[in-house]
$ cat target00.pdb   # PDB, C-alpha atoms and all ligand atoms
MODEL        1
ATOM      1  CA  MET G   1      50.592  42.317 -17.541
ATOM      2  CA  SER G   2      54.296  42.324 -16.842
ATOM      3  CA  ASP G   3      55.471  42.326 -13.227
ATOM      4  CA  THR G   4      58.133  44.941 -13.848
ATOM      5  CA  VAL G   5      56.506  47.610 -15.986
ATOM      6  CA  PRO G   6      53.903  49.554 -14.002
ATOM      7  CA  SER G   7      50.525  49.801 -15.708
ATOM      8  CA  LEU G   8      49.592  53.261 -16.896
ATOM      9  CA  TYR G   9      45.876  52.496 -16.685
ATOM     10  CA  ARG G  10      44.067  55.006 -14.473
ATOM     11  CA  GLY G  11      40.338  54.706 -13.951
ATOM     12  CA  ARG G  12      37.878  56.419 -11.646
ATOM     13  CA  PHE G  13      34.409  56.455 -10.154
ATOM     14  CA  ALA G  14      32.996  59.948  -9.724
ATOM     15  CA  PRO G  15      29.607  60.062  -8.018
ATOM     16  CA  SER G  16      27.683  63.285  -7.522
ATOM     17  CA  PRO G  17      26.428  63.498  -3.925
ATOM     18  CA  THR G  18      22.797  63.973  -4.916
ATOM     19  CA  GLY G  19      21.546  60.805  -3.231
ATOM     20  CA  ARG G  20      22.817  57.605  -1.666
ATOM     21  CA  LEU G  21      24.411  55.030  -3.957
ATOM     22  CA  HIS G  22      21.912  52.607  -5.490
ATOM     23  CA  ALA G  23      22.118  49.490  -7.619
ATOM     24  CA  GLY G  24      23.032  51.440 -10.745
ATOM     25  CA  SER G  25      25.832  53.309  -9.001
ATOM     26  CA  LEU G  26      27.231  50.060  -7.654
ATOM     27  CA  VAL G  27      27.359  48.537 -11.139
ATOM     28  CA  ALA G  28      29.356  51.562 -12.369
ATOM     29  CA  ALA G  29      31.633  51.528  -9.300
ATOM     30  CA  LEU G  30      32.319  47.789  -9.450
ATOM     31  CA  GLY G  31      32.676  47.804 -13.246
ATOM     32  CA  SER G  32      35.245  50.599 -13.224
ATOM     33  CA  TRP G  33      37.088  48.988 -10.279
ATOM     34  CA  LEU G  34      37.220  45.554 -11.977
ATOM     35  CA  LEU G  35      38.515  47.001 -15.231
ATOM     36  CA  ALA G  36      41.206  48.950 -13.375
ATOM     37  CA  ARG G  37      42.245  45.829 -11.447
ATOM     38  CA  HIS G  38      42.161  43.741 -14.633
ATOM     39  CA  HIS G  39      44.684  46.135 -16.188
ATOM     40  CA  ASP G  40      46.821  46.287 -13.018
ATOM     41  CA  GLY G  41      45.856  49.915 -12.945
ATOM     42  CA  THR G  42      45.013  52.610 -10.430
ATOM     43  CA  TRP G  43      41.399  53.276  -9.397
ATOM     44  CA  LEU G  44      40.362  56.635  -8.025
ATOM     45  CA  VAL G  45      37.253  57.990  -6.381
ATOM     46  CA  ARG G  46      36.335  61.610  -6.970
ATOM     47  CA  VAL G  47      33.436  63.466  -5.363
ATOM     48  CA  ASP G  48      31.649  65.529  -8.022
ATOM     49  CA  ASP G  49      30.179  68.054  -5.562
ATOM     50  CA  LEU G  50      29.767  71.081  -7.766
ATOM     51  CA  ASP G  51      26.030  71.568  -7.725
ATOM     52  CA  PRO G  52      25.013  72.529  -4.162
ATOM     53  CA  PRO G  53      21.322  73.096  -5.027
ATOM     54  CA  ARG G  54      21.026  69.418  -6.018
ATOM     55  CA  GLU G  55      23.218  68.022  -3.256
ATOM     56  CA  VAL G  56      22.137  66.506   0.034
ATOM     57  CA  PRO G  57      24.362  67.385   3.030
ATOM     58  CA  GLY G  58      26.282  64.413   4.376
ATOM     59  CA  VAL G  59      25.597  62.244   1.336
ATOM     60  CA  ALA G  60      29.149  62.410  -0.030
ATOM     61  CA  GLN G  61      30.497  60.940   3.223
ATOM     62  CA  GLN G  62      27.773  58.288   3.109
ATOM     63  CA  GLN G  63      28.709  57.386  -0.444
ATOM     64  CA  LEU G  64      32.368  56.982   0.569
ATOM     65  CA  ALA G  65      31.324  54.860   3.558
ATOM     66  CA  THR G  66      29.181  52.670   1.283
ATOM     67  CA  LEU G  67      32.062  52.195  -1.147
ATOM     68  CA  ALA G  68      34.330  51.262   1.777
ATOM     69  CA  ALA G  69      31.764  48.729   3.040
ATOM     70  CA  PHE G  70      31.875  47.203  -0.445
ATOM     71  CA  GLY G  71      35.692  47.100  -0.394
ATOM     72  CA  LEU G  72      35.956  49.733  -3.132
ATOM     73  CA  VAL G  73      38.546  52.181  -1.814
ATOM     74  CA  SER G  74      40.369  54.837  -3.814
ATOM     75  CA  ASP G  75      44.042  54.053  -4.455
ATOM     76  CA  GLU G  76      44.885  57.755  -4.005
ATOM     77  CA  PRO G  77      43.372  60.492  -1.817
ATOM     78  CA  VAL G  78      39.816  61.382  -2.831
ATOM     79  CA  ILE G  79      39.528  64.635  -4.800
ATOM     80  CA  TRP G  80      36.558  66.931  -4.071
ATOM     81  CA  GLN G  81      35.456  69.080  -7.003
ATOM     82  CA  SER G  82      34.251  71.777  -4.593
ATOM     83  CA  LYS G  83      37.943  72.432  -3.790
ATOM     84  CA  ARG G  84      38.979  72.794  -7.432
ATOM     85  CA  HIS G  85      37.499  76.167  -8.405
ATOM     86  CA  ASP G  86      40.905  77.604  -9.337
ATOM     87  CA  ALA G  87      41.562  74.845 -11.854
ATOM     88  CA  TYR G  88      38.181  75.411 -13.543
ATOM     89  CA  ALA G  89      38.708  79.183 -13.537
ATOM     90  CA  ASP G  90      42.122  78.741 -15.214
ATOM     91  CA  ALA G  91      40.696  76.496 -17.906
ATOM     92  CA  LEU G  92      37.809  78.876 -18.538
ATOM     93  CA  ALA G  93      40.155  81.867 -18.768
ATOM     94  CA  ARG G  94      42.242  80.041 -21.390
ATOM     95  CA  LEU G  95      39.174  79.220 -23.463
ATOM     96  CA  LEU G  96      37.907  82.793 -23.250
ATOM     97  CA  ASP G  97      41.363  84.161 -24.140
ATOM     98  CA  ASP G  98      41.763  82.081 -27.268
ATOM     99  CA  GLY G  99      38.207  82.725 -28.411
ATOM    100  CA  SER G 100      36.954  79.141 -27.942
ATOM    101  CA  ALA G 101      34.459  80.319 -25.329
ATOM    102  CA  PHE G 102      32.134  83.311 -25.083
ATOM    103  CA  GLU G 103      29.763  84.973 -22.649
ATOM    104  CA  CYS G 104      26.094  84.364 -23.311
ATOM    105  CA  ARG G 105      23.017  86.010 -21.767
ATOM    106  CA  CYS G 106      20.379  83.839 -23.425
ATOM    107  CA  SER G 107      17.734  82.572 -21.012
ATOM    108  CA  ARG G 108      15.991  79.219 -21.238
ATOM    109  CA  SER G 109      12.923  80.865 -22.726
ATOM    110  CA  ASP G 110      15.017  82.785 -25.281
ATOM    111  CA  LEU G 111      16.436  79.457 -26.416
ATOM    112  CA  ALA G 112      13.104  77.618 -26.264
ATOM    113  CA  ALA G 113      11.866  80.069 -28.885
ATOM    114  CA  VAL G 114      14.633  78.945 -31.279
ATOM    115  CA  GLY G 115      14.335  75.189 -30.730
ATOM    116  CA  GLY G 116      16.264  74.938 -27.460
ATOM    117  CA  ILE G 117      19.739  74.634 -28.993
ATOM    118  CA  HIS G 118      22.225  77.488 -28.780
ATOM    119  CA  ARG G 119      23.778  78.417 -32.123
ATOM    120  CA  THR G 120      23.852  82.175 -31.831
ATOM    121  CA  CYS G 121      22.943  84.584 -29.050
ATOM    122  CA  VAL G 122      19.277  85.597 -29.023
ATOM    123  CA  ALA G 123      19.159  87.134 -25.534
ATOM    124  CA  SER G 124      16.172  89.372 -24.904
ATOM    125  CA  ASP G 125      17.647  90.806 -21.665
ATOM    126  CA  ARG G 126      21.235  91.890 -22.149
ATOM    127  CA  THR G 127      21.697  92.918 -18.509
ATOM    128  CA  ARG G 128      21.367  89.498 -16.885
ATOM    129  CA  PRO G 129      24.537  87.794 -15.591
ATOM    130  CA  PRO G 130      26.185  85.797 -18.360
ATOM    131  CA  ALA G 131      26.806  82.092 -18.696
ATOM    132  CA  VAL G 132      29.977  81.056 -20.547
ATOM    133  CA  ARG G 133      29.689  78.649 -23.474
ATOM    134  CA  LEU G 134      32.101  76.721 -25.665
ATOM    135  CA  ARG G 135      31.646  77.742 -29.296
ATOM    136  CA  VAL G 136      30.738  74.653 -31.345
ATOM    137  CA  PRO G 137      31.361  75.446 -35.017
ATOM    138  CA  ASP G 138      28.832  74.415 -37.658
ATOM    139  CA  GLY G 139      29.458  70.917 -38.943
ATOM    140  CA  THR G 140      31.166  69.699 -35.729
ATOM    141  CA  ARG G 141      30.828  65.935 -35.841
ATOM    142  CA  ILE G 142      32.572  63.900 -33.137
ATOM    143  CA  ALA G 143      33.049  60.150 -33.500
ATOM    144  CA  PHE G 144      34.651  57.807 -31.003
ATOM    145  CA  HIS G 145      34.873  54.110 -30.286
ATOM    146  CA  ASP G 146      33.257  53.064 -27.035
ATOM    147  CA  GLY G 147      34.683  49.905 -25.469
ATOM    148  CA  LEU G 148      31.208  48.412 -25.105
ATOM    149  CA  GLN G 149      28.730  50.462 -27.125
ATOM    150  CA  GLY G 150      30.879  50.501 -30.290
ATOM    151  CA  GLU G 151      31.034  53.444 -32.699
ATOM    152  CA  VAL G 152      29.335  56.587 -31.467
ATOM    153  CA  VAL G 153      28.821  59.641 -33.660
ATOM    154  CA  GLN G 154      27.244  62.935 -32.709
ATOM    155  CA  ASP G 155      26.682  66.141 -34.650
ATOM    156  CA  VAL G 156      27.431  68.309 -31.643
ATOM    157  CA  ASP G 157      26.414  71.557 -33.328
ATOM    158  CA  ARG G 158      22.953  70.302 -34.286
ATOM    159  CA  GLU G 159      22.263  67.952 -31.378
ATOM    160  CA  VAL G 160      23.791  69.875 -28.471
ATOM    161  CA  GLY G 161      24.761  73.372 -29.592
ATOM    162  CA  ASP G 162      27.218  75.658 -27.827
ATOM    163  CA  VAL G 163      28.096  73.930 -24.556
ATOM    164  CA  VAL G 164      27.617  75.676 -21.195
ATOM    165  CA  LEU G 165      30.878  75.751 -19.225
ATOM    166  CA  ARG G 166      29.863  78.091 -16.402
ATOM    167  CA  ARG G 167      26.216  78.629 -15.644
ATOM    168  CA  ALA G 168      24.598  82.059 -15.351
ATOM    169  CA  ASP G 169      24.146  81.395 -11.608
ATOM    170  CA  GLY G 170      27.956  81.135 -11.330
ATOM    171  CA  TYR G 171      28.183  77.358 -10.854
ATOM    172  CA  TRP G 172      30.638  75.371 -12.947
ATOM    173  CA  ALA G 173      29.090  73.040 -15.484
ATOM    174  CA  TYR G 174      29.744  69.324 -15.026
ATOM    175  CA  GLN G 175      31.117  69.171 -18.595
ATOM    176  CA  LEU G 176      33.981  71.560 -17.848
ATOM    177  CA  ALA G 177      34.820  70.162 -14.417
ATOM    178  CA  VAL G 178      34.882  66.528 -15.568
ATOM    179  CA  VAL G 179      37.260  67.285 -18.439
ATOM    180  CA  VAL G 180      39.592  69.426 -16.310
ATOM    181  CA  ASP G 181      39.720  66.868 -13.491
ATOM    182  CA  ASP G 182      40.064  63.746 -15.632
ATOM    183  CA  ALA G 183      43.017  65.435 -17.349
ATOM    184  CA  ALA G 184      44.565  66.648 -14.059
ATOM    185  CA  GLN G 185      44.241  63.161 -12.560
ATOM    186  CA  GLY G 186      45.753  61.523 -15.642
ATOM    187  CA  ILE G 187      42.684  59.330 -16.198
ATOM    188  CA  THR G 188      43.309  57.020 -19.159
ATOM    189  CA  ASP G 189      40.049  55.042 -19.065
ATOM    190  CA  ILE G 190      36.602  56.342 -18.238
ATOM    191  CA  VAL G 191      34.143  53.603 -17.303
ATOM    192  CA  ARG G 192      30.693  54.903 -16.338
ATOM    193  CA  GLY G 193      26.975  54.461 -16.955
ATOM    194  CA  ALA G 194      25.528  54.721 -20.451
ATOM    195  CA  ASP G 195      23.445  57.739 -19.359
ATOM    196  CA  LEU G 196      26.634  59.745 -19.972
ATOM    197  CA  LEU G 197      27.272  58.366 -23.469
ATOM    198  CA  ASP G 198      25.549  61.378 -24.944
ATOM    199  CA  SER G 199      27.813  63.789 -23.008
ATOM    200  CA  THR G 200      31.018  62.186 -24.256
ATOM    201  CA  PRO G 201      31.296  63.921 -27.670
ATOM    202  CA  ARG G 202      31.080  67.376 -26.061
ATOM    203  CA  GLN G 203      33.689  66.315 -23.508
ATOM    204  CA  ILE G 204      35.986  65.197 -26.339
ATOM    205  CA  LEU G 205      35.451  68.546 -28.046
ATOM    206  CA  LEU G 206      36.386  70.319 -24.834
ATOM    207  CA  GLN G 207      39.482  68.127 -24.391
ATOM    208  CA  ARG G 208      40.600  69.218 -27.858
ATOM    209  CA  ALA G 209      39.949  72.881 -27.072
ATOM    210  CA  LEU G 210      42.034  72.567 -23.900
ATOM    211  CA  GLY G 211      44.768  70.507 -25.579
ATOM    212  CA  VAL G 212      44.472  67.555 -23.179
ATOM    213  CA  PRO G 213      44.397  63.847 -24.136
ATOM    214  CA  THR G 214      41.153  62.010 -24.831
ATOM    215  CA  PRO G 215      40.837  58.903 -22.625
ATOM    216  CA  GLN G 216      39.341  55.586 -23.704
ATOM    217  CA  TYR G 217      35.634  55.310 -22.932
ATOM    218  CA  LEU G 218      33.502  52.368 -21.907
ATOM    219  CA  HIS G 219      29.862  52.972 -21.030
ATOM    220  CA  LEU G 220      28.261  50.245 -18.915
ATOM    221  CA  PRO G 221      24.582  49.386 -19.251
ATOM    222  CA  LEU G 222      22.325  51.628 -17.269
ATOM    223  CA  ILE G 223      19.971  50.022 -14.786
ATOM    224  CA  VAL G 224      16.443  51.179 -15.546
ATOM    225  CA  ASP G 225      13.069  50.377 -14.007
ATOM    226  CA  ALA G 226      10.301  48.486 -15.802
ATOM    227  CA  GLN G 227       9.184  51.758 -17.449
ATOM    228  CA  GLY G 228      12.679  52.343 -18.835
ATOM    229  CA  GLU G 229      13.346  55.232 -16.408
ATOM    230  CA  LYS G 230      16.877  55.742 -15.125
ATOM    231  CA  LEU G 231      17.026  54.173 -11.674
ATOM    232  CA  SER G 232      18.125  57.299  -9.838
ATOM    233  CA  LYS G 233      14.982  59.056 -11.049
ATOM    234  CA  SER G 234      12.742  56.200 -10.072
ATOM    235  CA  MET G 235      10.832  55.509  -6.875
ATOM    236  CA  ALA G 236      12.516  52.121  -6.956
ATOM    237  CA  ALA G 237      15.973  53.588  -6.418
ATOM    238  CA  LEU G 238      16.463  52.229  -2.934
ATOM    239  CA  PRO G 239      19.925  52.713  -1.480
ATOM    240  CA  ILE G 240      22.110  49.654  -1.266
ATOM    241  CA  ASP G 241      22.695  48.283   2.213
ATOM    242  CA  ASP G 242      26.145  48.929   3.729
ATOM    243  CA  ASP G 243      25.532  46.171   6.266
ATOM    244  CA  ALA G 244      24.918  43.478   3.649
ATOM    245  CA  PRO G 245      27.380  44.081   0.813
ATOM    246  CA  LEU G 246      27.710  40.536  -0.497
ATOM    247  CA  PRO G 247      24.297  40.029  -2.145
ATOM    248  CA  ALA G 248      24.517  43.417  -3.849
ATOM    249  CA  LEU G 249      28.110  42.820  -4.983
ATOM    250  CA  ARG G 250      27.131  39.452  -6.440
ATOM    251  CA  ALA G 251      24.115  40.934  -8.172
ATOM    252  CA  ALA G 252      26.183  43.758  -9.690
ATOM    253  CA  TRP G 253      28.704  41.127 -10.844
ATOM    254  CA  GLU G 254      25.939  39.252 -12.663
ATOM    255  CA  VAL G 255      24.588  42.444 -14.217
ATOM    256  CA  LEU G 256      28.138  42.875 -15.559
ATOM    257  CA  GLY G 257      27.705  39.542 -17.368
ATOM    258  CA  GLN G 258      30.125  37.590 -15.156
ATOM    259  CA  PRO G 259      29.536  33.982 -14.011
ATOM    260  CA  PRO G 260      27.546  33.643 -10.759
ATOM    261  CA  GLY G 261      29.547  30.640  -9.589
ATOM    262  CA  ALA G 262      32.787  32.657  -9.353
ATOM    263  CA  THR G 263      32.208  33.703  -5.743
ATOM    264  CA  ALA G 264      30.274  30.677  -4.495
ATOM    265  CA  GLY G 265      30.958  29.783  -0.876
ATOM    266  CA  LEU G 266      32.932  32.956  -0.132
ATOM    267  CA  SER G 267      31.758  34.948   2.853
ATOM    268  CA  THR G 268      33.913  38.080   3.132
ATOM    269  CA  VAL G 269      34.050  41.152   0.930
ATOM    270  CA  ASP G 270      37.812  40.751   0.483
ATOM    271  CA  ALA G 271      37.551  37.141  -0.629
ATOM    272  CA  VAL G 272      34.687  37.944  -2.990
ATOM    273  CA  LEU G 273      36.545  40.874  -4.572
ATOM    274  CA  GLN G 274      39.684  38.778  -4.955
ATOM    275  CA  ALA G 275      37.731  36.037  -6.713
ATOM    276  CA  MET G 276      36.022  38.620  -8.913
ATOM    277  CA  THR G 277      39.388  40.146  -9.835
ATOM    278  CA  ARG G 278      40.652  36.694 -10.834
ATOM    279  CA  GLU G 279      37.564  35.624 -12.781
ATOM    280  CA  PHE G 280      36.587  38.915 -14.435
ATOM    281  CA  ARG G 281      36.597  38.943 -18.233
ATOM    282  CA  PRO G 282      35.854  42.222 -20.024
ATOM    283  CA  ASP G 283      34.625  40.338 -23.115
ATOM    284  CA  ARG G 284      31.636  39.117 -21.073
ATOM    285  CA  LEU G 285      30.375  42.639 -20.346
ATOM    286  CA  PRO G 286      26.890  42.991 -21.881
ATOM    287  CA  LYS G 287      26.954  45.083 -25.036
ATOM    288  CA  VAL G 288      23.646  46.773 -24.286
ATOM    289  CA  SER G 289      22.833  50.249 -23.101
ATOM    290  CA  SER G 290      20.360  49.262 -20.381
ATOM    291  CA  VAL G 291      19.293  46.430 -18.090
ATOM    292  CA  THR G 292      15.909  46.597 -16.374
ATOM    293  CA  PHE G 293      15.662  47.122 -12.657
ATOM    294  CA  ALA G 294      13.342  44.122 -12.333
ATOM    295  CA  ALA G 295      16.038  41.802 -13.677
ATOM    296  CA  ALA G 296      18.658  43.340 -11.397
ATOM    297  CA  HIS G 297      16.304  43.396  -8.432
ATOM    298  CA  ASN G 298      15.416  39.733  -8.764
ATOM    299  CA  LYS G 299      19.071  39.083  -8.253
ATOM    300  CA  GLY G 300      18.931  41.127  -5.049
ATOM    301  CA  VAL G 301      20.810  44.260  -6.072
ATOM    302  CA  ALA G 302      18.592  46.756  -4.376
ATOM    303  CA  GLY G 303      17.158  44.883  -1.446
ATOM    304  CA  ALA G 304      13.457  44.616  -0.786
ATOM    305  CA  VAL G 305      11.003  46.993  -2.426
TER     306      VAL G 305
HETATM  307  N1  LIG E   1      29.355  62.818 -11.405
HETATM  308  C1  LIG E   1      28.654  62.242 -12.522
HETATM  309  C2  LIG E   1      27.396  61.547 -12.057
HETATM  310  O1  LIG E   1      27.326  61.137 -10.913
HETATM  311  C3  LIG E   1      29.469  61.216 -13.263
HETATM  312  C4  LIG E   1      30.719  61.770 -13.794
HETATM  313  C5  LIG E   1      31.396  60.870 -14.795
HETATM  314  O2  LIG E   1      31.490  59.661 -14.568
HETATM  315  O3  LIG E   1      31.861  61.390 -15.783
HETATM  316  O4  LIG E   1      26.479  61.394 -12.847
ENDMDL
END
$ encode --input "target00.pdb" --output "structure tokens"
Amino acid sequence: MSDTVPSLYRGRFAPSPTGRLHAGSLVAALGSWLLARHHDGTWLVRVDDLDPPREVPGVAQQQLATLAAFGLVSDEPVIWQSKRHDAYADALARLLDDGSAFECRCSRSDLAAVGGIHRTCVASDRTRPPAVRLRVPDGTRIAFHDGLQGEVVQDVDREVGDVVLRRADGYWAYQLAVVVDDAAQGITDIVRGADLLDSTPRQILLQRALGVPTPQYLHLPLIVDAQGEKLSKSMAALPIDDDAPLPALRAAWEVLGQPPGATAGLSTVDAVLQAMTREFRPDRLPKVSSVTFAAAHNKGVAGAV
């Protein structure tokens, strides 16, 4: 990178405060941070706190404290999605105005009766409060190139159906909020866990409907337990230890396919992150969609079970 031209790369890590950060979250946080540093870019942290029923009070602050203990600090002030209702309301109003979105009163059981995918409204109770959905026309196929997983194609109409943007209970859907905020924050590169690979085509569709740019995507391998379950859903999802960041940082580094020797002999978080920034090579990232928890755990990511 040139010394004079500022890099336009803007990445982010956007945890939902539904539980403390675990080994899988750390891999996504460190991976997105390393790629941003590698490109001389800006790295942001955003708190995706839009789903109060699933959130645990105080966890967002704990997550930020954990990131700080690991030396991973946002280059700009942290944005909280819970303070961004107006931006989501504006976007939704535009989509409703131009006919891209519509109100829908279908319940889960209405949809279960037609295969679970919304193609047309089949609501049995037309008095219930409506959700708002993005209309996905028949034959909508989205293809994109993922920086690690390669070509991804999804028939969004058949595989996903009309996408919920605001839920019937009034809460904003993650899909709308993530697209609005990534655009507002000028994010150029989204690096996150492969559990969100499947959500990307609908986010691209929504970007097009809103007329905002589509960022580059890179989905890191997901850490799963021996049964192939996503770590956050597993009993084994122990939080990482803020008081002992180095073993977990080193383990996440190895999960990211980088050479273990790179940080040998270093004993502070700053020194370790500096060495990682120097030694990191994106072409070593593992081109797989998951890594088992056992393999990660043996390297000490999640502490003792
Ligand atoms: N907040 C989402 C989560 O924790 C991730 C958002 C994203 O990276 O797009 O699963």
$ resolve_selection --input "target00.pdb" --expression "the PyMOL selection byres (((chain G and resi 198) around 10) and not hetatm)" --output "number ranges by chain"
G: 152-154, 156, 159-160, 194-197, 199-203
$ residues_near_ligand --input "target00.pdb" --ligand "ligand LIG 1 (chain E)" --cutoff "9 Å" --atoms "all atoms listed in the file" --output "JSON, numbers by chain"
{"G": [12, 13, 14, 15, 16, 17, 18, 25, 28, 46, 47, 48, 49, 174, 175, 178, 179, 182, 190, 191, 192, 193, 195, 196, 199, 200]}
$ closest_residue --input "target00.pdb" --among "G:Asp125, G:Glu103, G:Glu279, G:Asp146" --to "Gln216 in chain G" --atoms "only C-alpha atoms"
G:Asp146
$ resolve_selection --input "target00.pdb" --expression "the PyMOL selection byres (((chain G and resi 119) around 10) and not hetatm)" --output "MDAnalysis selection string"
chainID G and resid 111 114 116:118 120:122 135:138 157:158 160:163
$ closest_residue --input "target00.pdb" --among "G:Val56, G:Leu21, G:Ala93, G:Leu72" --to "Leu273 in chain G" --atoms "only C-alpha atoms"
G:Leu72
$ closest_residue --input "target00.pdb" --among "G:Ala91, G:Ala184, G:Leu26, G:Ala123" --to "Pro247 in chain G" --atoms "only C-alpha atoms"
G:Leu26
$ closest_residue --input "target00.pdb" --among "G:Gln149, G:Ser107, G:Ser289, G:Ser82" --to "Pro130 in chain G" --atoms "all atoms listed in the file"
G:Ser107
$ residues_near_point --input "target00.pdb" --point "(35.9, 42.8, -21.0)" --cutoff "9 Å" --atoms "only C-alpha atoms" --output "NGL selection string"
:G and (35 or 38 or 147-148 or 280-285)
$ closest_residue --input "target00.pdb" --among "G:Ser7, G:Gln185, G:Gln207, G:Thr214" --to "Ile79 in chain G" --atoms "all atoms listed in the file"
G:Gln185
$ atom_distance --input "target00.pdb" --atom1 "CA of His22 in chain G" --atom2 "CA of Leu34 in chain G"
18.1 Å
$ residues_around --input "target00.pdb" --residues "Tyr9 in chain G" --least-positions-apart "4" --cutoff "9 Å" --atoms "all atoms listed in the file" --output "PyMOL selection string"
chain G and resi 36+39-43+187-189
$ residues_near_point --input "target00.pdb" --point "(31.2, 48.3, 7.1)" --cutoff "7 Å" --atoms "all atoms listed in the file" --output "PyMOL selection string"
chain G and resi 68-69+242-243
$ atom_distance --input "target00.pdb" --atom1 "CA of Ala29 in chain G" --atom2 "CA of Ser74 in chain G"
10.8 Å
$ residues_around --input "target00.pdb" --residues "range 167-169 of chain G" --least-positions-apart "6" --cutoff "10 Å" --atoms "only C-alpha atoms" --output "PyMOL selection string"
chain G and resi 103-107+128-133
$ atom_distance --input "target00.pdb" --atom1 "CA of Ser124 in chain G" --atom2 "CA of Asp110 in chain G"
6.7 Å
$ resolve_selection --input "target00.pdb" --expression "the PyMOL selection byres (((chain G and resi 274) around 12) and not hetatm)" --output "PyMOL selection string"
chain G and resi 33-34+37-38+71-72+262-263+266-273+275-280
$ write_last_selection --input "target00.pdb" --atoms "C-alpha atoms" --output "CSV table (one decimal), keeping the file's coordinate frame"
chain,number,residue,atom,x,y,z
G,33,TRP,CA,37.1,49.0,-10.3
G,34,LEU,CA,37.2,45.6,-12.0
G,37,ARG,CA,42.2,45.8,-11.4
G,38,HIS,CA,42.2,43.7,-14.6
G,71,GLY,CA,35.7,47.1,-0.4
G,72,LEU,CA,36.0,49.7,-3.1
G,262,ALA,CA,32.8,32.7,-9.4
G,263,THR,CA,32.2,33.7,-5.7
G,266,LEU,CA,32.9,33.0,-0.1
G,267,SER,CA,31.8,34.9,2.9
G,268,THR,CA,33.9,38.1,3.1
G,269,VAL,CA,34.0,41.2,0.9
G,270,ASP,CA,37.8,40.8,0.5
G,271,ALA,CA,37.6,37.1,-0.6
G,272,VAL,CA,34.7,37.9,-3.0
G,273,LEU,CA,36.5,40.9,-4.6
G,275,ALA,CA,37.7,36.0,-6.7
G,276,MET,CA,36.0,38.6,-8.9
G,277,THR,CA,39.4,40.1,-9.8
G,278,ARG,CA,40.7,36.7,-10.8
G,279,GLU,CA,37.6,35.6,-12.8
G,280,PHE,CA,36.6,38.9,-14.4
$ closest_residue --input "target00.pdb" --among "G:His145, G:Arg108, G:Arg20, G:Arg94" --to "Tyr217 in chain G" --atoms "only C-alpha atoms"
G:His145
